[in-house]
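*Asks:* Next comes the structure file query.csv, holding CSV, C-alpha atoms.
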chain,number,residue,atom,x,y,z
A,8,MET,CA,-15.2,178.2,304.8
A,9,ILE,CA,-17.3,179.5,307.7
A,10,GLU,CA,-19.1,176.8,309.7
A,11,LYS,CA,-22.7,177.9,309.8
A,12,PRO,CA,-25.3,176.6,312.2
A,13,PHE,CA,-28.3,174.6,310.8
A,14,MET,CA,-31.1,177.0,309.8
A,15,PRO,CA,-29.0,180.2,310.5
A,16,LYS,CA,-31.7,182.7,310.1
A,17,ALA,CA,-34.1,180.9,312.4
A,18,THR,CA,-31.2,180.4,314.9
A,19,ALA,CA,-30.5,184.2,314.7
A,20,VAL,CA,-34.2,184.9,315.5
A,21,TRP,CA,-33.9,182.7,318.6
A,22,LEU,CA,-30.7,184.3,319.8
A,23,VAL,CA,-32.1,187.8,319.3
A,24,GLU,CA,-35.2,186.9,321.3
A,25,ASN,CA,-33.6,184.9,324.1
A,26,THR,CA,-30.1,186.2,324.7
A,27,LYS,CA,-28.2,189.4,325.5
A,28,LEU,CA,-25.6,188.8,322.7
A,29,SER,CA,-24.6,191.7,320.5
A,30,PHE,CA,-25.8,191.9,316.9
A,31,LYS,CA,-22.2,191.5,315.8
A,32,GLN,CA,-21.8,188.2,317.8
A,33,ILE,CA,-25.0,186.8,316.4
A,34,ALA,CA,-24.2,187.9,312.9
A,35,ALA,CA,-20.7,186.2,313.1
A,36,PHE,CA,-22.1,183.0,314.4
A,37,CYS,CA,-25.0,182.7,311.9
A,38,ASP,CA,-22.9,184.0,309.0
A,39,LEU,CA,-25.3,186.9,308.4
A,40,HIS,CA,-24.7,190.7,308.0
A,41,GLU,CA,-24.9,192.7,311.2
A,42,LEU,CA,-27.6,194.9,309.6
A,43,GLU,CA,-29.6,191.8,308.9
A,44,VAL,CA,-29.6,190.8,312.5
A,45,LYS,CA,-30.6,194.3,313.5
A,46,GLY,CA,-33.5,193.9,311.0
A,47,ILE,CA,-34.5,190.7,312.7
A,48,ALA,CA,-34.6,192.5,316.1
A,49,ASP,CA,-36.6,195.4,314.6
A,50,GLY,CA,-39.1,192.9,313.0
A,51,ASP,CA,-38.2,194.0,309.4
A,52,VAL,CA,-36.4,190.8,308.5
A,53,ALA,CA,-37.3,187.1,308.9
A,54,ARG,CA,-41.0,187.7,309.5
A,55,GLY,CA,-42.8,184.4,309.9
A,56,ILE,CA,-39.6,182.4,310.5
A,57,LYS,CA,-40.0,180.3,313.6
A,58,ALA,CA,-37.2,180.6,316.1
A,59,TYR,CA,-34.8,177.6,316.1
A,60,ASN,CA,-33.3,176.8,319.5
A,61,PRO,CA,-29.5,176.0,319.0
A,62,ILE,CA,-29.2,174.7,322.5
A,63,LEU,CA,-31.8,172.0,322.1
A,64,ALA,CA,-30.3,171.2,318.7
A,65,GLY,CA,-26.9,170.8,320.2
A,66,GLN,CA,-25.3,173.6,318.2
A,67,LEU,CA,-24.5,175.7,321.3
A,68,THR,CA,-24.3,175.3,325.0
A,69,ARG,CA,-26.0,177.6,327.5
A,70,GLU,CA,-22.6,178.1,329.1
A,71,ALA,CA,-21.1,179.3,325.8
A,72,ILE,CA,-23.9,181.8,325.3
A,73,GLU,CA,-23.5,183.2,328.9
A,74,GLU,CA,-19.8,183.5,328.4
A,75,SER,CA,-20.2,185.4,325.2
A,76,SER,CA,-22.9,187.6,326.7
A,77,LYS,CA,-20.5,188.8,329.3
A,78,ASP,CA,-17.8,189.8,326.8
A,79,VAL,CA,-18.7,191.2,323.3
A,80,ASN,CA,-15.2,190.1,322.1
A,81,THR,CA,-15.9,186.4,322.9
A,82,PRO,CA,-17.3,184.8,319.7
A,83,LEU,CA,-19.8,182.0,319.8
A,84,ILE,CA,-18.3,178.7,318.7
A,85,LEU,CA,-20.4,176.1,316.8
A,86,ASN,CA,-20.6,172.8,318.6
A,87,LYS,CA,-19.6,170.6,315.6
A,88,LYS,CA,-19.8,167.3,317.5
A,89,ASN,CA,-23.5,167.2,316.9
A,90,LEU,CA,-23.2,168.2,313.3
A,91,GLU,CA,-20.7,165.4,312.6
A,92,ILE,CA,-22.9,162.6,313.9
A,93,LYS,CA,-23.1,160.0,311.2
A,94,SER,CA,-26.4,158.7,310.0
A,95,GLU,CA,-27.3,155.3,311.4
A,96,LYS,CA,-29.6,152.8,309.6
A,97,LYS,CA,-32.8,152.7,311.5
A,98,GLY,CA,-34.4,149.3,312.1
A,99,ASN,CA,-37.9,148.6,313.3
A,100,LYS,CA,-37.9,149.0,317.0
A,101,TYR,CA,-40.4,149.4,319.8
A,102,VAL,CA,-41.4,153.0,320.4
A,103,PRO,CA,-42.8,153.9,323.8
A,104,LEU,CA,-46.4,155.3,323.8
A,105,SER,CA,-45.1,158.6,325.2
A,106,LYS,CA,-42.9,159.0,322.1
A,107,ARG,CA,-45.3,157.8,319.4
A,108,GLN,CA,-46.6,161.4,318.9
A,109,ASP,CA,-43.1,162.5,318.1
A,110,ARG,CA,-43.1,160.9,314.6
A,111,PRO,CA,-46.3,162.6,313.2
A,112,GLU,CA,-45.2,165.9,314.8
A,113,ALA,CA,-41.8,165.5,313.2
A,114,VAL,CA,-43.5,164.8,309.8
A,115,LEU,CA,-45.6,168.0,310.3
A,116,TRP,CA,-42.5,170.0,311.1
A,117,LEU,CA,-40.7,168.8,308.0
A,118,THR,CA,-43.7,169.3,305.6
A,119,LYS,CA,-44.1,172.9,307.0
A,120,ASN,CA,-40.4,173.9,306.9
A,121,TYR,CA,-39.2,171.9,303.9
A,122,PRO,CA,-42.1,171.2,301.5
A,123,GLN,CA,-39.6,170.3,298.8
A,124,LEU,CA,-38.8,167.0,300.6
A,125,SER,CA,-40.6,164.0,299.1
A,126,ASP,CA,-42.8,161.7,301.1
A,127,GLY,CA,-40.2,159.0,300.7
A,128,GLN,CA,-37.4,161.2,302.1
A,129,ILE,CA,-39.5,162.1,305.1
A,130,VAL,CA,-40.3,158.4,305.7
A,131,LYS,CA,-36.5,157.7,305.8
A,132,LEU,CA,-35.8,160.6,308.1
A,133,VAL,CA,-38.3,159.9,310.8
A,134,GLY,CA,-39.3,156.3,310.3
A,135,SER,CA,-42.9,157.0,309.4
A,136,THR,CA,-45.0,155.6,306.5
A,137,LYS,CA,-45.8,157.2,303.1
A,138,LYS,CA,-49.5,157.0,303.9
A,139,THR,CA,-49.1,158.9,307.2
A,140,VAL,CA,-46.9,161.6,305.5
A,141,ASP,CA,-49.4,162.0,302.8
A,142,LEU,CA,-52.3,162.4,305.2
A,143,ILE,CA,-50.4,164.9,307.4
A,144,ARG,CA,-49.2,166.9,304.4
A,145,ASN,CA,-52.8,167.2,303.1
A,146,LYS,CA,-54.3,167.8,306.6
A,147,ARG,CA,-56.3,164.5,306.5
A,148,TYR,CA,-54.5,162.8,309.4
A,149,TRP,CA,-56.9,161.5,312.0
A,150,ASN,CA,-55.3,163.5,314.8
A,151,SER,CA,-54.3,166.6,312.9
A,152,GLY,CA,-56.1,169.0,315.3
A,153,ASN,CA,-53.9,167.8,318.2
A,154,LEU,CA,-50.6,167.8,316.3
A,155,SER,CA,-48.0,170.5,316.9
A,156,SER,CA,-44.9,170.6,314.7
A,157,LYS,CA,-41.8,169.4,316.5
A,158,ASP,CA,-38.2,169.3,315.2
A,159,PRO,CA,-37.2,165.7,314.6
A,160,VAL,CA,-33.6,166.5,315.7
A,161,VAL,CA,-34.9,167.5,319.2
A,162,SER,CA,-36.9,164.2,319.3
A,163,ASN,CA,-33.7,162.2,318.3
A,164,LEU,CA,-35.4,160.8,315.2
A,165,CYS,CA,-32.7,162.0,312.9
A,166,THR,CA,-29.7,164.3,312.9
A,167,GLN,CA,-29.2,167.7,311.3
A,168,VAL,CA,-26.8,166.1,308.8
A,169,ASP,CA,-29.6,163.7,307.7
A,170,ILE,CA,-32.0,166.7,307.1
A,171,LYS,CA,-29.4,168.7,305.3
A,172,ASN,CA,-28.5,165.8,303.0
A,173,ALA,CA,-32.2,165.2,302.2
A,174,ILE,CA,-32.7,168.9,301.4
A,175,ASP,CA,-29.6,169.0,299.2
A,176,LYS,CA,-30.9,165.9,297.3
A,177,ALA,CA,-34.4,167.4,296.9
A,178,GLU,CA,-33.0,170.7,295.6
A,179,ARG,CA,-30.7,168.9,293.1
A,180,LYS,CA,-33.7,166.9,291.9
A,181,ALA,CA,-35.7,170.1,291.5
A,182,VAL,CA,-32.9,171.7,289.4
A,183,ARG,CA,-32.7,168.6,287.2
A,184,LYS,CA,-36.5,168.6,286.7
A,185,LYS,CA,-36.5,172.3,285.8
A,186,LYS,CA,-33.7,171.7,283.2
A,187,GLU,CA,-35.7,168.7,281.7
A,188,LEU,CA,-38.8,170.9,281.4
A,189,GLU,CA,-36.8,173.7,279.7
A,190,ARG,CA,-35.3,171.2,277.2
A,191,GLU,CA,-38.8,169.8,276.5
A,192,LYS,CA,-40.2,173.3,275.9
A,193,ARG,CA,-37.3,174.1,273.5
A,194,LYS,CA,-37.8,170.9,271.7
A,195,ILE,CA,-41.6,171.5,271.3
A,196,LYS,CA,-40.9,175.1,270.2
A,197,ALA,CA,-38.3,173.9,267.6
A,198,GLU,CA,-40.7,171.3,266.2
A,199,SER,CA,-43.5,173.8,266.1
A,200,GLN,CA,-41.2,176.3,264.2
A,201,LYS,CA,-40.2,173.5,261.8
A,202,THR,CA,-43.8,172.6,261.0
A,203,GLU,CA,-44.6,176.3,260.5
A,204,ASN,CA,-41.7,176.7,258.1
A,205,ASP,CA,-42.7,173.5,256.2
A,206,ASN,CA,-46.2,174.8,255.8
A,207,GLN,CA,-44.9,178.1,254.5
A,208,VAL,CA,-42.8,176.3,251.9
A,209,LYS,CA,-45.8,174.3,250.7
How does the structure come out when it is put into structure tokens?
*Replies:*
Amino acid sequence: MIEKPFMPKATAVWLVENTKLSFKQIAAFCDLHELEVKGIADGDVARGIKAYNPILAGQLTREAIEESSKDVNTPLILNKKNLEIKSEKKGNKYVPLSKRQDRPEAVLWLTKNYPQLSDGQIVKLVGSTKKTVDLIRNKRYWNSGNLSSKDPVVSNLCTQVDIKNAIDKAERKAVRKKKELEREKRKIKAESQKTENDNQVK
């Protein structure tokens, strides 16, 4: 199984915009088709996707990028150390004033990039409150005008693994909900059909 970076398409956008790597190298690292990477460079693919910096996220080092840029046969290697960081239970701890903006900005980033995450999941990821998440999601937060979305991984509020696990959980829940709705629809349709048949018999 190919090890993919977190947010591969957004990572590819960043690599296309900020490095001299070949399309083939970027495609191999992000597990994309080479033509898809060319499409990103031409502006035909991934429009509206915000570039994701793999260096800040700990997925690549600047040295590795420079080394691969000099030789097209040198592949980029995913820095798995960062991806294998285990989630730690977060306790209430003092947050310096300079860092207090990080949480609401991380909440904004998560609600923009992963709207499928529930308020409760975001609370667990960045240590915010449900009320704050709800206000930011609905653009009613007192400081909304001054917030700029910021990746919580970069702010060290959670790991990429934490976010991936939360997304997987949200998607599984959405699938279950969809199946339940479909079952309910079939049940209502069957009952409606039965009533109709009974009326015809009478």
*Asks:* Using only C-alpha atoms for the distances, tell me which of A:Arg190, A:Arg110, A:Lys77, A:Lys31 is nearest to Ala19 of chain A.
*Replies:*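 Looking at the shortest contact to Ala19 of chain A, the residue is A:Lys31.
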*Asks:* Could you tell me which of A:Tyr148, A:Phe13, A:Phe30, A:Trp21 comes closest to Asp169 of chain A if we count all atoms listed in the file?
*Replies:*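 Residue with the minimum atom-to-atom distance to Asp169 of chain A: A:Phe13.
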*Asks:* Using all atoms listed in the file, which protein or nucleic acid residues come within 10 Å of Lys45 of chain A? Drop anything in the same chain fewer than 3 positions from it, and give the result as a list in words.
*Replies:* Val23, Ser29, Phe30, Lys31, Ile33, Ala34, His40, Glu41, Leu42, Ala48, Asp49, Gly50, Asp51 and Val52 of chain A
*Asks:* Identify which of the residues A:Ala58, A:Leu67, A:Ile195, A:Ile47 lies closest to Pro12 of chain A, counting all atoms listed in the file when measuring atom-to-atom distances.
*Replies:* A:Leu67
*Asks:* Which residue out of A:Gln128, A:Gln123, A:Gln32, A:Asn60 has the minimum interatomic distance to Asp78 of chain A when all atoms listed in the file are used?
*Replies:* A:Gln32
*Asks:* How many Å separate atom CA of Thr136 of chain A from atom CA of Tyr59 of chain A?
*Replies:* 26.1 Å
*Asks:* Please measure the separation of atom CA of Leu142 of chain A and atom CA of Pro159 of chain A, giving the value in Å to one decimal.
*Replies:* 18.1 Å
*Asks:* Point out the residue among A:Lys157, A:Lys184, A:Lys119, A:Lys201 with the least atom-to-atom distance to Ile143 of chain A, counting all atoms listed in the file.
*Replies:*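 The closest residue to Ile143 of chain A is A:Lys119.
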*Asks:* Between A:Leu115, A:Ser75, A:Leu22, A:Glu43, which one has atoms that come closest to Lys146 of chain A, using only C-alpha atoms?
*Replies:*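 Checking each of A:Leu115, A:Ser75, A:Leu22, A:Glu43 against Lys146 of chain A, counting only C-alpha atoms, the winner is A:Leu115.
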*Asks:* Do a neighbour search on Asp109 of chain A at 12 Å with all atoms listed in the file, toss out local chain neighbours closer than 3 positions, and write the hits as a PyMOL selection string.
*Replies:* chain A and resi 102-106+112-116+133-135+154-165
*Asks:* Write out as an MDAnalysis selection string which residues come within 9 Å of Ile72 of chain A when counting all atoms listed in the file, dropping same-chain ones fewer than 2 positions away.
*Replies:* chainID A and resid 26:28 67:70 74:77 83
*Asks:* One decimal, in Å: what's the spacing between atom CA of Ser125 of chain A and atom CA of Ile174 of chain A?
*Replies:*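 According to the coordinates, atom CA of Ser125 of chain A and atom CA of Ile174 of chain A are separated by 9.6 Å.
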*Asks:* Can you take the partial segment 26-57 of chain A, add N, CA and C atoms, and return it as a PDB file, in the frame of the given file?
*Replies:*
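In the end it all went to rebuild.pdb:
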ATOM      1  N   THR A  26     -31.412 185.980 324.112  1.00  0.00           N
ATOM      2  CA  THR A  26     -30.100 186.200 324.700  1.00  0.00           C
ATOM      3  C   THR A  26     -29.765 187.719 324.727  1.00  0.00           C
ATOM      4  N   LYS A  27     -28.658 188.043 325.403  1.00  0.00           N
ATOM      5  CA  LYS A  27     -28.200 189.400 325.500  1.00  0.00           C
ATOM      6  C   LYS A  27     -26.959 189.620 324.550  1.00  0.00           C
ATOM      7  N   LEU A  28     -26.780 188.698 323.619  1.00  0.00           N
ATOM      8  CA  LEU A  28     -25.600 188.800 322.700  1.00  0.00           C
ATOM      9  C   LEU A  28     -25.742 189.999 321.806  1.00  0.00           C
ATOM     10  N   SER A  29     -24.606 190.516 321.394  1.00  0.00           N
ATOM     11  CA  SER A  29     -24.600 191.700 320.500  1.00  0.00           C
ATOM     12  C   SER A  29     -24.997 191.229 319.080  1.00  0.00           C
ATOM     13  N   PHE A  30     -25.473 192.180 318.273  1.00  0.00           N
ATOM     14  CA  PHE A  30     -25.800 191.900 316.900  1.00  0.00           C
ATOM     15  C   PHE A  30     -24.599 191.328 316.144  1.00  0.00           C
ATOM     16  N   LYS A  31     -23.432 191.891 316.491  1.00  0.00           N
ATOM     17  CA  LYS A  31     -22.200 191.500 315.800  1.00  0.00           C
ATOM     18  C   LYS A  31     -21.868 190.017 316.117  1.00  0.00           C
ATOM     19  N   GLN A  32     -22.058 189.600 317.374  1.00  0.00           N
ATOM     20  CA  GLN A  32     -21.800 188.200 317.800  1.00  0.00           C
ATOM     21  C   GLN A  32     -22.741 187.247 317.058  1.00  0.00           C
ATOM     22  N   ILE A  33     -24.011 187.621 317.040  1.00  0.00           N
ATOM     23  CA  ILE A  33     -25.000 186.800 316.400  1.00  0.00           C
ATOM     24  C   ILE A  33     -24.764 186.678 314.898  1.00  0.00           C
ATOM     25  N   ALA A  34     -24.431 187.824 314.306  1.00  0.00           N
ATOM     26  CA  ALA A  34     -24.200 187.900 312.900  1.00  0.00           C
ATOM     27  C   ALA A  34     -22.972 186.969 312.508  1.00  0.00           C
ATOM     28  N   ALA A  35     -21.912 187.035 313.326  1.00  0.00           N
ATOM     29  CA  ALA A  35     -20.700 186.200 313.100  1.00  0.00           C
ATOM     30  C   ALA A  35     -21.017 184.748 313.192  1.00  0.00           C
ATOM     31  N   PHE A  36     -21.789 184.387 314.198  1.00  0.00           N
ATOM     32  CA  PHE A  36     -22.100 183.000 314.400  1.00  0.00           C
ATOM     33  C   PHE A  36     -22.992 182.407 313.320  1.00  0.00           C
ATOM     34  N   CYS A  37     -23.987 183.199 312.896  1.00  0.00           N
ATOM     35  CA  CYS A  37     -25.000 182.700 311.900  1.00  0.00           C
ATOM     36  C   CYS A  37     -24.558 183.040 310.466  1.00  0.00           C
ATOM     37  N   ASP A  38     -23.377 183.665 310.301  1.00  0.00           N
ATOM     38  CA  ASP A  38     -22.900 184.000 309.000  1.00  0.00           C
ATOM     39  C   ASP A  38     -23.886 184.941 308.255  1.00  0.00           C
ATOM     40  N   LEU A  39     -24.370 185.955 308.984  1.00  0.00           N
ATOM     41  CA  LEU A  39     -25.300 186.900 308.400  1.00  0.00           C
ATOM     42  C   LEU A  39     -24.643 188.316 308.536  1.00  0.00           C
ATOM     43  N   HIS A  40     -25.210 189.297 307.845  1.00  0.00           N
ATOM     44  CA  HIS A  40     -24.700 190.700 308.000  1.00  0.00           C
ATOM     45  C   HIS A  40     -25.276 191.250 309.266  1.00  0.00           C
ATOM     46  N   GLU A  41     -24.492 192.088 309.928  1.00  0.00           N
ATOM     47  CA  GLU A  41     -24.900 192.700 311.200  1.00  0.00           C
ATOM     48  C   GLU A  41     -26.238 193.459 311.035  1.00  0.00           C
ATOM     49  N   LEU A  42     -26.399 194.149 309.892  1.00  0.00           N
ATOM     50  CA  LEU A  42     -27.600 194.900 309.600  1.00  0.00           C
ATOM     51  C   LEU A  42     -28.838 193.969 309.499  1.00  0.00           C
ATOM     52  N   GLU A  43     -28.563 192.750 308.995  1.00  0.00           N
ATOM     53  CA  GLU A  43     -29.600 191.800 308.900  1.00  0.00           C
ATOM     54  C   GLU A  43     -30.138 191.314 310.226  1.00  0.00           C
ATOM     55  N   VAL A  44     -29.201 191.145 311.154  1.00  0.00           N
ATOM     56  CA  VAL A  44     -29.600 190.800 312.500  1.00  0.00           C
ATOM     57  C   VAL A  44     -30.344 191.901 313.192  1.00  0.00           C
ATOM     58  N   LYS A  45     -29.902 193.154 312.938  1.00  0.00           N
ATOM     59  CA  LYS A  45     -30.600 194.300 313.500  1.00  0.00           C
ATOM     60  C   LYS A  45     -32.051 194.342 312.907  1.00  0.00           C
ATOM     61  N   GLY A  46     -32.175 193.978 311.630  1.00  0.00           N
ATOM     62  CA  GLY A  46     -33.500 193.900 311.000  1.00  0.00           C
ATOM     63  C   GLY A  46     -34.388 192.872 311.622  1.00  0.00           C
ATOM     64  N   ILE A  47     -33.778 191.755 312.043  1.00  0.00           N
ATOM     65  CA  ILE A  47     -34.500 190.700 312.700  1.00  0.00           C
ATOM     66  C   ILE A  47     -35.060 191.248 314.056  1.00  0.00           C
ATOM     67  N   ALA A  48     -34.185 191.959 314.785  1.00  0.00           N
ATOM     68  CA  ALA A  48     -34.600 192.500 316.100  1.00  0.00           C
ATOM     69  C   ALA A  48     -35.678 193.574 315.925  1.00  0.00           C
ATOM     70  N   ASP A  49     -35.622 194.342 314.828  1.00  0.00           N
ATOM     71  CA  ASP A  49     -36.600 195.400 314.600  1.00  0.00           C
ATOM     72  C   ASP A  49     -37.910 194.824 313.974  1.00  0.00           C
ATOM     73  N   GLY A  50     -37.885 193.554 313.588  1.00  0.00           N
ATOM     74  CA  GLY A  50     -39.100 192.900 313.000  1.00  0.00           C
ATOM     75  C   GLY A  50     -39.212 193.174 311.512  1.00  0.00           C
ATOM     76  N   ASP A  51     -38.157 193.703 310.876  1.00  0.00           N
ATOM     77  CA  ASP A  51     -38.200 194.000 309.400  1.00  0.00           C
ATOM     78  C   ASP A  51     -37.742 192.787 308.603  1.00  0.00           C
ATOM     79  N   VAL A  52     -36.927 191.926 309.216  1.00  0.00           N
ATOM     80  CA  VAL A  52     -36.400 190.800 308.500  1.00  0.00           C
ATOM     81  C   VAL A  52     -36.819 189.485 309.207  1.00  0.00           C
ATOM     82  N   ALA A  53     -36.974 188.421 308.414  1.00  0.00           N
ATOM     83  CA  ALA A  53     -37.300 187.100 308.900  1.00  0.00           C
ATOM     84  C   ALA A  53     -38.695 186.995 309.540  1.00  0.00           C
ATOM     85  N   ARG A  54     -39.608 187.823 309.053  1.00  0.00           N
ATOM     86  CA  ARG A  54     -41.000 187.700 309.500  1.00  0.00           C
ATOM     87  C   ARG A  54     -41.561 186.357 309.183  1.00  0.00           C
ATOM     88  N   GLY A  55     -42.207 185.736 310.135  1.00  0.00           N
ATOM     89  CA  GLY A  55     -42.800 184.400 309.900  1.00  0.00           C
ATOM     90  C   GLY A  55     -41.880 183.259 310.047  1.00  0.00           C
ATOM     91  N   ILE A  56     -40.578 183.542 310.254  1.00  0.00           N
ATOM     92  CA  ILE A  56     -39.600 182.400 310.500  1.00  0.00           C
ATOM     93  C   ILE A  56     -39.672 182.059 311.963  1.00  0.00           C
ATOM     94  N   LYS A  57     -39.904 180.771 312.204  1.00  0.00           N
ATOM     95  CA  LYS A  57     -40.000 180.300 313.600  1.00  0.00           C
ATOM     96  C   LYS A  57     -38.612 180.166 314.185  1.00  0.00           C
TER      97      LYS A  57
END
